[in-house]
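Novice: This is the structure I want to talk about, given as structure tokens.
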Amino acid sequence: MLLDPDRYFDSEPAQRNIARELFQSVSHLPIVSPHGHVDPNLFVAEHASFGSPADMLIIPDHYVFRMLYSQSIPMESLGIPRVDGGPVETDHRKIWQIFAENFYLFRGTPSGAWLTEELINVFGVTQKLNGDSAQAIYDHIVDIMAKPIFKPRALFDEFNIEVLCTTDSATDPLEAHQKIRASGWGGDIRPTFRPDNVVNLMTPGWMDNIAAMGAVSGIDVNSYASFIAALEKQRAFFKTLGTTASDQAAISAYTYALSPARAENIFQQALADKITPAESAQFSAHMLMESARMSLDDGLVMQIHIGSIRNHNVALFGKFGPDKGADIPERSEFTHNLSALLNKYGNESGLSMILFAMDESAYARELAPLAGHYPALKLGPPWWFFDSINGMRRYFDMVMETAGIYNTVGFNDDTRAFPSIPARHDVWRRASANWAAGLVVQGIVDMENASAMVEDLAYNLARQAYKFNEV
Ligand SMILES: [Zn+2]
């Protein structure tokens, strides 16, 4: 099993040669990972373990088990924990065997490319993964993972990660992050403030989340005003642990400023468990405005992820909970929906908003023109299903002419799977190099500018956009 050294480059020799040269100039740069979902507990202890190969590569990664589930492989057989604590497979060799027998399902997919690159580059696997090789490769990975160099902190250094941001609920006391800082280890791991489960009033368990918000902030949340005060206090607490950004997910980009009285009224309805979907949507639209106001006040970068219908498979959600591969994109509208937000805050150069979209049809029509105009707005990289070689190609084609690369923010790996981080950044750096090489062979930019662009896309833009230079 080998990796093509020219993977993702154009087959035309002139472009390919330039792409290779540009990629080589950035392949050694440190990794900046400003948004993702790696568990910070992996870095608390000096020799924390990833667990078994299944714990590391299968059980936490919905990119992986969604594909297996789509081929009717039961989630229980993959060891995915049930909400009710009911029985699931606990023999990780059996889970690995199923994964290996079905690894062919990932042919031609980004997950297949990442996993193959991880197996080769991180774990030194030389055989193709299939049903016959499964147990030998499992043994090999177990042996490798027992070595000190394969502990999470050692891999953090080995991967040349300069900064890694996790995603943390607004109600999280951030114990893992506090322990990492107190340990004296030099790895730069930062929390990100994610208030979704308190600002979206119809979140299952919202009342419990509000109680947790009260407990963690020390503010009794019994009104809209105390809710805002608790959010502001938690943002300040997150900042003491290195947070530079918030992140909010919303189905729609709809923004709307409620009057203080109406916001209080809706909040009281929620506390009384009488909230309607329409009121909840209005409140979410209002809280995007409020988050922008808070970001302007406290300097946190504001990330917004729009357009994913979460938990589409109701029965699966009931059995296994959220983040199980059943989130499906929908069509999004931005120009009208963001009008209130951008007219109030879009001209503030002190504010930094980074927008992620799942509707590619909006890139050229709406998002690139918006980001190419409003000083506060930048576009995030291709997200989730479009974090792929073709998603990146389409993004470069649809966005960059109008927005310019300097209204974008480099790459986010957005992963839960820590060992996949180098592979994901490798795809982006190769795709960037190939795109810039295309501009060079067409005489659109010269080699000097292409080199600078590829370095900015690989490294500088993410550092600047997420303010890692400042904090
Ligand atoms: Zn994410």
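Scheme for the structure tokens: letters A, B, ... for chains in order shown; per-chain residue numbers from 1; ligand numbers from 1 in order shown.
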Could the residues of stretch 134-232 of chain A that have an atom at most 12 Å from stretch 269-280 of chain A be listed as CSV, each with its closest atom pair and the distance in Å to one decimal, counting only C-alpha atoms and ordered by chain and ascending residue number?
Specialist:
```
residue,atom,partner,partner_atom,distance
A:Val198,CA,A:Ala270,CA,10.9
A:Val199,CA,A:Ser280,CA,9.0
A:Asn200,CA,A:Ser280,CA,6.7
A:Leu201,CA,A:Ser280,CA,5.6
A:Met202,CA,A:Ser280,CA,6.5
A:Thr203,CA,A:Ser280,CA,9.6
A:Pro204,CA,A:Asp273,CA,11.6
A:Gly205,CA,A:Asp273,CA,11.0
A:Trp206,CA,A:Ala270,CA,8.8
A:Met207,CA,A:Leu271,CA,7.1
A:Asp208,CA,A:Leu271,CA,10.6
A:Asn209,CA,A:Leu271,CA,11.4
A:Ile210,CA,A:Leu271,CA,9.0
A:Ala211,CA,A:Leu271,CA,10.7
A:Val221,CA,A:Leu271,CA,9.7
A:Asn222,CA,A:Leu271,CA,7.8
A:Ser223,CA,A:Leu271,CA,8.6
A:Tyr224,CA,A:Leu271,CA,10.0
A:Phe227,CA,A:Leu271,CA,11.3
```
Novice: Taking only C-alpha atoms and all ligand atoms and a cut-off of 12 Å, can you tell me which residues surround ligand 1, written as a PyMOL selection string?
Specialist: chain A and resi 33-38+165-168+192-194+246-249+303-306+308+323+355-357+380-385+387+412-417
Novice: What lies within 12 Å of A:Glu175 using only C-alpha atoms, ignoring chain neighbours under 2 positions off, as a PyMOL selection string?
Specialist: chain A and resi 39-41+43-44+168+171-173+177-182+191+216+237-238+241
Novice: Rounded to one decimal place, report the atom CA of A:Met75-atom CA of A:Met358 distance in Å.
Specialist: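 Between atom CA of A:Met75 and atom CA of A:Met358 the gap is 25.7 Å.
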Novice: State, in Å with one decimal place, the distance from atom CA of A:Leu22 to atom CA of A:Ala436.
Specialist: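 Rounded to one decimal, the two atoms are 8.2 Å apart.
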Novice: Between atom CA of A:Asp359 and atom CA of A:Arg331, what is the spacing in Å?
Specialist: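 Taking atom CA of A:Arg331 as the start and atom CA of A:Asp359 as the end point, the length is 5.6 Å.
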Novice: Just want the 8 Å neighbourhood of stretch 426-428 of chain A, counted on only C-alpha atoms, with same-chain residues fewer than 6 positions away dropped. Output as a ChimeraX atom specification.
Specialist: /A:8,27,388-389,392,411,458
Novice: May I have the residues within 6 Å of A:Leu300 as a compact mmCIF listing (two decimals) with N, CA, C and O atoms, in the first residue's frame, using only C-alpha atoms and disregarding those fewer than 4 positions away in the same chain?
Specialist:
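Okay, this is what ended up in result24.txt:
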```
# COMPACT_ATOMS: atom_id res chain seq x y z
N THR A 244 -9.99 32.17 21.67
CA THR A 244 -10.03 33.36 20.81
C THR A 244 -11.30 33.42 19.97
O THR A 244 -11.50 34.38 19.25
N ALA A 245 -12.16 32.36 20.06
CA ALA A 245 -13.32 32.33 19.15
C ALA A 245 -14.53 31.69 19.82
O ALA A 245 -14.40 30.86 20.72
N SER A 295 -19.05 39.78 20.69
CA SER A 295 -17.74 39.64 20.04
C SER A 295 -17.08 41.00 19.83
O SER A 295 -15.86 41.14 19.98
```
Novice: Considering only C-alpha atoms, return as a PyMOL selection string whatever protein or nucleic-acid residues lie within 10 Å of A:Val409, sequence-local ones (same chain, fewer than 5 positions apart) excluded.
Specialist: chain A and resi 34+354-355+378-381+456-466
Novice: Could the residues in this selection be written to a file with all heavy atoms, as a compact mmCIF listing (two decimals), in the first residue's frame?
Specialist:
```
# COMPACT_ATOMS: atom_id res chain seq x y z
N PRO A 34 -7.71 25.69 13.88
CA PRO A 34 -8.50 26.65 14.67
C PRO A 34 -9.91 26.21 15.00
O PRO A 34 -10.56 26.84 15.83
CB PRO A 34 -8.53 27.89 13.78
CG PRO A 34 -8.44 27.35 12.39
CD PRO A 34 -7.63 26.08 12.47
N ILE A 354 -16.71 34.64 10.94
CA ILE A 354 -16.31 33.62 9.96
C ILE A 354 -17.52 32.73 9.70
O ILE A 354 -18.05 32.11 10.62
CB ILE A 354 -15.12 32.80 10.47
CG1 ILE A 354 -13.93 33.72 10.75
CG2 ILE A 354 -14.75 31.72 9.45
CD1 ILE A 354 -12.74 33.02 11.39
N LEU A 355 -17.93 32.70 8.45
CA LEU A 355 -19.17 32.01 8.08
C LEU A 355 -18.85 30.72 7.34
O LEU A 355 -18.07 30.71 6.38
CB LEU A 355 -19.99 32.95 7.19
CG LEU A 355 -21.36 32.48 6.74
CD1 LEU A 355 -22.27 32.23 7.92
CD2 LEU A 355 -21.98 33.53 5.82
N LYS A 378 -15.77 37.09 6.90
CA LYS A 378 -14.85 36.24 6.14
C LYS A 378 -15.52 34.87 5.93
O LYS A 378 -16.39 34.47 6.70
CB LYS A 378 -13.52 36.08 6.87
CG LYS A 378 -12.75 37.40 6.93
CD LYS A 378 -11.32 37.21 7.33
CE LYS A 378 -10.49 38.46 7.06
NZ LYS A 378 -11.11 39.72 7.48
N LEU A 379 -15.06 34.17 4.90
CA LEU A 379 -15.64 32.85 4.61
C LEU A 379 -14.76 31.74 5.15
O LEU A 379 -13.55 31.73 4.90
CB LEU A 379 -15.76 32.65 3.11
CG LEU A 379 -16.97 33.24 2.41
CD1 LEU A 379 -17.04 32.65 1.01
CD2 LEU A 379 -18.24 32.97 3.18
N GLY A 380 -15.39 30.81 5.84
CA GLY A 380 -14.67 29.63 6.28
C GLY A 380 -14.42 28.68 5.11
O GLY A 380 -15.05 28.79 4.05
N PRO A 381 -13.51 27.74 5.28
CA PRO A 381 -13.20 26.77 4.21
C PRO A 381 -14.36 25.80 3.99
O PRO A 381 -15.30 25.76 4.78
CB PRO A 381 -11.97 26.04 4.76
CG PRO A 381 -12.08 26.16 6.24
CD PRO A 381 -12.73 27.49 6.51
N ASP A 456 0.06 31.58 2.63
CA ASP A 456 -1.02 32.21 3.38
C ASP A 456 -2.17 31.22 3.60
O ASP A 456 -2.72 31.12 4.70
CB ASP A 456 -1.53 33.46 2.66
CG ASP A 456 -0.51 34.60 2.71
OD1 ASP A 456 0.33 34.59 3.64
OD2 ASP A 456 -0.54 35.47 1.83
N LEU A 457 -2.52 30.47 2.55
CA LEU A 457 -3.64 29.51 2.67
C LEU A 457 -3.29 28.38 3.65
O LEU A 457 -4.16 27.88 4.36
CB LEU A 457 -3.99 28.93 1.30
CG LEU A 457 -4.71 29.92 0.36
CD1 LEU A 457 -4.66 29.42 -1.09
CD2 LEU A 457 -6.16 30.13 0.79
N ALA A 458 -2.02 28.00 3.68
CA ALA A 458 -1.63 26.87 4.55
C ALA A 458 -1.49 27.30 6.00
O ALA A 458 -1.72 26.49 6.91
CB ALA A 458 -0.30 26.29 4.06
N TYR A 459 -1.11 28.56 6.25
CA TYR A 459 -0.65 28.90 7.59
C TYR A 459 -1.08 30.30 8.07
O TYR A 459 -1.73 30.44 9.10
CB TYR A 459 0.88 28.77 7.61
CG TYR A 459 1.54 29.09 8.92
CD1 TYR A 459 1.43 28.23 10.00
CD2 TYR A 459 2.30 30.25 9.07
CE1 TYR A 459 2.05 28.53 11.22
CE2 TYR A 459 2.92 30.54 10.27
CZ TYR A 459 2.79 29.68 11.34
OH TYR A 459 3.40 29.97 12.53
N ASN A 460 -0.73 31.34 7.30
CA ASN A 460 -0.87 32.71 7.83
C ASN A 460 -2.32 33.14 8.01
O ASN A 460 -2.65 33.81 8.99
CB ASN A 460 -0.16 33.71 6.92
CG ASN A 460 1.33 33.45 6.85
OD1 ASN A 460 1.96 33.15 7.87
ND2 ASN A 460 1.91 33.54 5.66
N LEU A 461 -3.19 32.78 7.04
CA LEU A 461 -4.58 33.26 7.12
C LEU A 461 -5.28 32.75 8.37
O LEU A 461 -6.00 33.49 9.03
CB LEU A 461 -5.37 32.85 5.87
CG LEU A 461 -5.05 33.63 4.60
CD1 LEU A 461 -5.71 32.96 3.39
CD2 LEU A 461 -5.53 35.08 4.72
N ALA A 462 -5.08 31.49 8.71
CA ALA A 462 -5.73 30.93 9.90
C ALA A 462 -5.20 31.61 11.16
O ALA A 462 -5.96 31.96 12.07
CB ALA A 462 -5.51 29.43 9.96
N ARG A 463 -3.91 31.83 11.23
CA ARG A 463 -3.33 32.50 12.41
C ARG A 463 -3.90 33.89 12.58
O ARG A 463 -4.22 34.31 13.69
CB ARG A 463 -1.80 32.59 12.28
CG ARG A 463 -1.07 31.30 12.59
CD ARG A 463 0.43 31.56 12.63
NE ARG A 463 0.78 32.57 13.63
CZ ARG A 463 0.87 32.34 14.93
NH1 ARG A 463 0.66 31.12 15.39
NH2 ARG A 463 1.16 33.31 15.77
N GLN A 464 -4.02 34.61 11.46
CA GLN A 464 -4.53 35.99 11.55
C GLN A 464 -6.01 36.00 11.88
O GLN A 464 -6.47 36.73 12.75
CB GLN A 464 -4.29 36.73 10.23
CG GLN A 464 -2.84 37.12 10.02
CD GLN A 464 -2.52 37.39 8.55
OE1 GLN A 464 -3.41 37.45 7.70
NE2 GLN A 464 -1.24 37.55 8.27
N ALA A 465 -6.79 35.18 11.15
CA ALA A 465 -8.25 35.24 11.30
C ALA A 465 -8.68 34.87 12.71
O ALA A 465 -9.64 35.42 13.24
CB ALA A 465 -8.91 34.30 10.29
N TYR A 466 -7.97 33.93 13.33
CA TYR A 466 -8.34 33.50 14.67
C TYR A 466 -7.52 34.20 15.77
O TYR A 466 -7.56 33.80 16.93
CB TYR A 466 -8.22 31.98 14.78
CG TYR A 466 -9.34 31.26 14.05
CD1 TYR A 466 -9.25 30.97 12.70
CD2 TYR A 466 -10.52 30.91 14.71
CE1 TYR A 466 -10.28 30.34 12.02
CE2 TYR A 466 -11.56 30.28 14.05
CZ TYR A 466 -11.43 30.00 12.70
OH TYR A 466 -12.47 29.39 12.03
```
Novice: So that I can check the surroundings of A:Ile309, please list as a PyMOL selection string every protein, DNA and RNA residue that reaches within 9 Å of it, counting only C-alpha atoms and ignoring chain neighbours fewer than 5 positions away.
Specialist: chain A and resi 250-251+326-330
Novice: Those same residues, written as a PDB file, in the first residue's frame with all heavy atoms?
Specialist:
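That gives us result08.pdb:
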```
ATOM      1  N   ALA A 250     -26.510  27.120  13.325  1.00  0.00           N
ATOM      2  CA  ALA A 250     -27.924  27.433  13.140  1.00  0.00           C
ATOM      3  C   ALA A 250     -28.379  26.794  11.840  1.00  0.00           C
ATOM      4  O   ALA A 250     -27.599  26.677  10.893  1.00  0.00           O
ATOM      5  CB  ALA A 250     -28.131  28.946  13.085  1.00  0.00           C
ATOM      6  N   ILE A 251     -29.630  26.372  11.818  1.00  0.00           N
ATOM      7  CA  ILE A 251     -30.146  25.797  10.576  1.00  0.00           C
ATOM      8  C   ILE A 251     -30.221  26.892   9.520  1.00  0.00           C
ATOM      9  O   ILE A 251     -29.786  26.716   8.393  1.00  0.00           O
ATOM     10  CB  ILE A 251     -31.528  25.151  10.819  1.00  0.00           C
ATOM     11  CG1 ILE A 251     -31.378  23.962  11.771  1.00  0.00           C
ATOM     12  CG2 ILE A 251     -32.143  24.711   9.503  1.00  0.00           C
ATOM     13  CD1 ILE A 251     -32.686  23.355  12.208  1.00  0.00           C
ATOM     14  N   ALA A 326     -26.215  11.467  10.997  1.00  0.00           N
ATOM     15  CA  ALA A 326     -27.546  11.668  10.417  1.00  0.00           C
ATOM     16  C   ALA A 326     -27.857  13.155  10.259  1.00  0.00           C
ATOM     17  O   ALA A 326     -29.013  13.551  10.265  1.00  0.00           O
ATOM     18  CB  ALA A 326     -28.608  11.001  11.292  1.00  0.00           C
ATOM     19  N   ASP A 327     -26.834  13.984  10.124  1.00  0.00           N
ATOM     20  CA  ASP A 327     -27.033  15.412   9.892  1.00  0.00           C
ATOM     21  C   ASP A 327     -26.925  15.653   8.386  1.00  0.00           C
ATOM     22  O   ASP A 327     -25.949  15.256   7.755  1.00  0.00           O
ATOM     23  CB  ASP A 327     -25.976  16.227  10.645  1.00  0.00           C
ATOM     24  CG  ASP A 327     -26.005  15.956  12.145  1.00  0.00           C
ATOM     25  OD1 ASP A 327     -27.074  15.531  12.634  1.00  0.00           O
ATOM     26  OD2 ASP A 327     -24.983  16.147  12.806  1.00  0.00           O
ATOM     27  N   ILE A 328     -27.941  16.306   7.830  1.00  0.00           N
ATOM     28  CA  ILE A 328     -28.047  16.436   6.372  1.00  0.00           C
ATOM     29  C   ILE A 328     -28.149  17.916   5.999  1.00  0.00           C
ATOM     30  O   ILE A 328     -28.921  18.645   6.619  1.00  0.00           O
ATOM     31  CB  ILE A 328     -29.310  15.691   5.853  1.00  0.00           C
ATOM     32  CG1 ILE A 328     -29.373  14.248   6.405  1.00  0.00           C
ATOM     33  CG2 ILE A 328     -29.359  15.720   4.325  1.00  0.00           C
ATOM     34  CD1 ILE A 328     -28.329  13.289   5.880  1.00  0.00           C
ATOM     35  N   PRO A 329     -27.372  18.359   4.997  1.00  0.00           N
ATOM     36  CA  PRO A 329     -27.429  19.774   4.601  1.00  0.00           C
ATOM     37  C   PRO A 329     -28.755  20.135   3.946  1.00  0.00           C
ATOM     38  O   PRO A 329     -29.431  19.277   3.374  1.00  0.00           O
ATOM     39  CB  PRO A 329     -26.308  19.915   3.561  1.00  0.00           C
ATOM     40  CG  PRO A 329     -25.501  18.681   3.646  1.00  0.00           C
ATOM     41  CD  PRO A 329     -26.374  17.616   4.207  1.00  0.00           C
ATOM     42  N   GLU A 330     -29.103  21.431   4.038  1.00  0.00           N
ATOM     43  CA  GLU A 330     -30.253  21.911   3.283  1.00  0.00           C
ATOM     44  C   GLU A 330     -29.868  23.198   2.563  1.00  0.00           C
ATOM     45  O   GLU A 330     -28.816  23.767   2.808  1.00  0.00           O
ATOM     46  CB  GLU A 330     -31.460  22.144   4.199  1.00  0.00           C
ATOM     47  CG  GLU A 330     -31.330  23.349   5.097  1.00  0.00           C
ATOM     48  CD  GLU A 330     -32.677  23.828   5.630  1.00  0.00           C
ATOM     49  OE1 GLU A 330     -33.721  23.276   5.258  1.00  0.00           O
ATOM     50  OE2 GLU A 330     -32.663  24.775   6.427  1.00  0.00           O
TER      51      GLU A 330
END
```
Novice: Kindly indicate which residue among A:Ala48, A:Met398, A:Leu258, A:Ile421 lies nearest to A:Leu164, using only C-alpha atoms for the distances.
Specialist: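 Once distances to A:Leu164 are computed over only C-alpha atoms, the minimum belongs to A:Ile421.
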Novice: Which stretch 21-65 of chain A residues have any atom within 10 Å of an atom of stretch 97-103 of chain A, and for each, what is the nearest pair of atoms with distance in Å to one decimal, counting only C-alpha atoms, rows sorted by chain and number, as a Markdown table?
Specialist:
```
| residue | atom | partner | partner_atom | distance |
| --- | --- | --- | --- | --- |
| A:Ala54 | CA | A:Phe99 | CA | 8.9 |
| A:Leu57 | CA | A:Phe99 | CA | 9.8 |
| A:Ile58 | CA | A:Phe99 | CA | 7.9 |
| A:Val64 | CA | A:Phe99 | CA | 9.0 |
| A:Phe65 | CA | A:Phe99 | CA | 8.8 |
```
Novice: Determine the nearest neighbour of A:Phe386 from the options A:Pro110, A:Ser284, A:Val125, A:Leu316, counting only C-alpha atoms.
Specialist: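 The answer is A:Pro110, which sits nearest to A:Phe386.
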Novice: Let me make sure I understand: among A:Met453, A:Leu377, A:Ala134, A:Ala433, which one has the smallest atom-to-atom distance to A:Asn407 if we use only C-alpha atoms?
Specialist: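 Answer, going by the shortest atom-to-atom distance: A:Leu377.
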Novice: Check stretch 174-365 of chain A with DSSP on the backbone and list each residue it calls strand (DSSP E), as an MDAnalysis selection string.
Specialist: chainID A and resid 189:190 193:194 245:250 301:306 308:309 328:329 353:357
Novice: Can you write just those residues out, C-alpha atoms, as a compact mmCIF listing (two decimals), in the first residue's frame?
Specialist:
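Saved file selection-v2.txt follows:
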```txt
# COMPACT_ATOMS: atom_id res chain seq x y z
CA ILE A 189 -4.63 23.76 23.08
CA ARG A 190 -7.48 26.24 23.35
CA PHE A 193 -17.03 28.90 23.25
CA ARG A 194 -20.08 27.09 21.85
CA ALA A 245 -13.32 32.33 19.15
CA SER A 246 -16.95 31.42 19.67
CA ASP A 247 -18.94 29.11 17.43
CA GLN A 248 -22.67 28.89 16.82
CA ALA A 249 -24.58 26.48 14.61
CA ALA A 250 -27.92 27.43 13.14
CA VAL A 301 -13.88 35.81 16.71
CA MET A 302 -17.45 34.77 15.84
CA GLN A 303 -17.85 31.55 13.86
CA ILE A 304 -21.25 30.65 12.41
CA HIS A 305 -22.03 27.23 10.91
CA ILE A 306 -25.20 27.38 8.82
CA SER A 308 -27.16 21.46 8.70
CA ILE A 309 -30.41 19.77 9.64
CA ILE A 328 -28.05 16.44 6.37
CA PRO A 329 -27.43 19.77 4.60
CA MET A 353 -17.15 36.88 11.72
CA ILE A 354 -16.31 33.62 9.96
CA LEU A 355 -19.17 32.01 8.08
CA PHE A 356 -19.34 28.32 7.13
CA ALA A 357 -21.95 27.07 4.68
```
Novice: If you run DSSP on the backbone, which residues of stretch 327-380 of chain A are helix (DSSP H, G or I), as a list in words?
Specialist: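 The helix (DSSP H, G or I) subset of stretch 327-380 of chain A is Ser339, Ala340, Leu341, Leu342, Asn343, Lys344, Tyr345, Ser361, Ala362, Tyr363, Ala364, Arg365, Glu366, Leu367, Ala368, Pro369, Leu370 and Ala371 of chain A.
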Novice: Given the selection you just returned, output its residues as a file containing N, CA and C atoms, formatted as an mmCIF file, in the first residue's frame.
Specialist:
```cif
data_model
loop_
_atom_site.group_PDB
_atom_site.id
_atom_site.type_symbol
_atom_site.label_atom_id
_atom_site.label_comp_id
_atom_site.auth_asym_id
_atom_site.auth_seq_id
_atom_site.Cartn_x
_atom_site.Cartn_y
_atom_site.Cartn_z
ATOM 1 N N SER A 339 -28.977 40.208 6.499
ATOM 2 C CA SER A 339 -29.081 41.659 6.311
ATOM 3 C C SER A 339 -29.081 42.412 7.642
ATOM 4 N N ALA A 340 -29.862 41.959 8.611
ATOM 5 C CA ALA A 340 -29.923 42.668 9.901
ATOM 6 C C ALA A 340 -28.558 42.651 10.576
ATOM 7 N N LEU A 341 -27.929 41.502 10.582
ATOM 8 C CA LEU A 341 -26.622 41.356 11.251
ATOM 9 C C LEU A 341 -25.561 42.223 10.569
ATOM 10 N N LEU A 342 -25.506 42.144 9.241
ATOM 11 C CA LEU A 342 -24.428 42.849 8.528
ATOM 12 C C LEU A 342 -24.666 44.355 8.523
ATOM 13 N N ASN A 343 -25.949 44.773 8.489
ATOM 14 C CA ASN A 343 -26.184 46.212 8.542
ATOM 15 C C ASN A 343 -25.872 46.793 9.905
ATOM 16 N N LYS A 344 -26.009 45.995 10.934
ATOM 17 C CA LYS A 344 -25.675 46.514 12.262
ATOM 18 C C LYS A 344 -24.179 46.390 12.566
ATOM 19 N N TYR A 345 -23.567 45.269 12.154
ATOM 20 C CA TYR A 345 -22.187 45.013 12.589
ATOM 21 C C TYR A 345 -21.181 44.790 11.451
ATOM 22 N N SER A 361 -24.224 26.161 -3.617
ATOM 23 C CA SER A 361 -24.791 27.020 -4.659
ATOM 24 C C SER A 361 -24.795 28.479 -4.222
ATOM 25 N N ALA A 362 -24.621 28.720 -2.910
ATOM 26 C CA ALA A 362 -24.604 30.114 -2.429
ATOM 27 C C ALA A 362 -23.212 30.737 -2.500
ATOM 28 N N TYR A 363 -22.186 29.943 -2.752
ATOM 29 C CA TYR A 363 -20.822 30.483 -2.695
ATOM 30 C C TYR A 363 -20.597 31.628 -3.675
ATOM 31 N N ALA A 364 -20.822 31.364 -4.973
ATOM 32 C CA ALA A 364 -20.532 32.394 -5.975
ATOM 33 C C ALA A 364 -21.615 33.465 -5.981
ATOM 34 N N ARG A 365 -22.862 33.057 -5.727
ATOM 35 C CA ARG A 365 -23.984 33.987 -5.843
ATOM 36 C C ARG A 365 -24.062 34.945 -4.661
ATOM 37 N N GLU A 366 -23.838 34.437 -3.436
ATOM 38 C CA GLU A 366 -24.087 35.272 -2.263
ATOM 39 C C GLU A 366 -22.869 35.434 -1.365
ATOM 40 N N LEU A 367 -22.216 34.321 -1.035
ATOM 41 C CA LEU A 367 -21.214 34.371 0.033
ATOM 42 C C LEU A 367 -19.941 35.095 -0.386
ATOM 43 N N ALA A 368 -19.430 34.802 -1.578
ATOM 44 C CA ALA A 368 -18.205 35.490 -2.020
ATOM 45 C C ALA A 368 -18.456 36.994 -2.185
ATOM 46 N N PRO A 369 -19.594 37.416 -2.783
ATOM 47 C CA PRO A 369 -19.856 38.863 -2.837
ATOM 48 C C PRO A 369 -20.007 39.492 -1.450
ATOM 49 N N LEU A 370 -20.652 38.807 -0.509
ATOM 50 C CA LEU A 370 -20.809 39.375 0.837
ATOM 51 C C LEU A 370 -19.453 39.508 1.533
ATOM 52 N N ALA A 371 -18.653 38.426 1.487
ATOM 53 C CA ALA A 371 -17.342 38.460 2.148
ATOM 54 C C ALA A 371 -16.406 39.424 1.429
#
```
Novice: Have a look at A:Ile31, A:Ala146, A:Ala19, A:Leu68 and name the one nearest to A:Arg7; count only C-alpha atoms.
Specialist: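 Result for the nearest residue to A:Arg7: A:Ala19.
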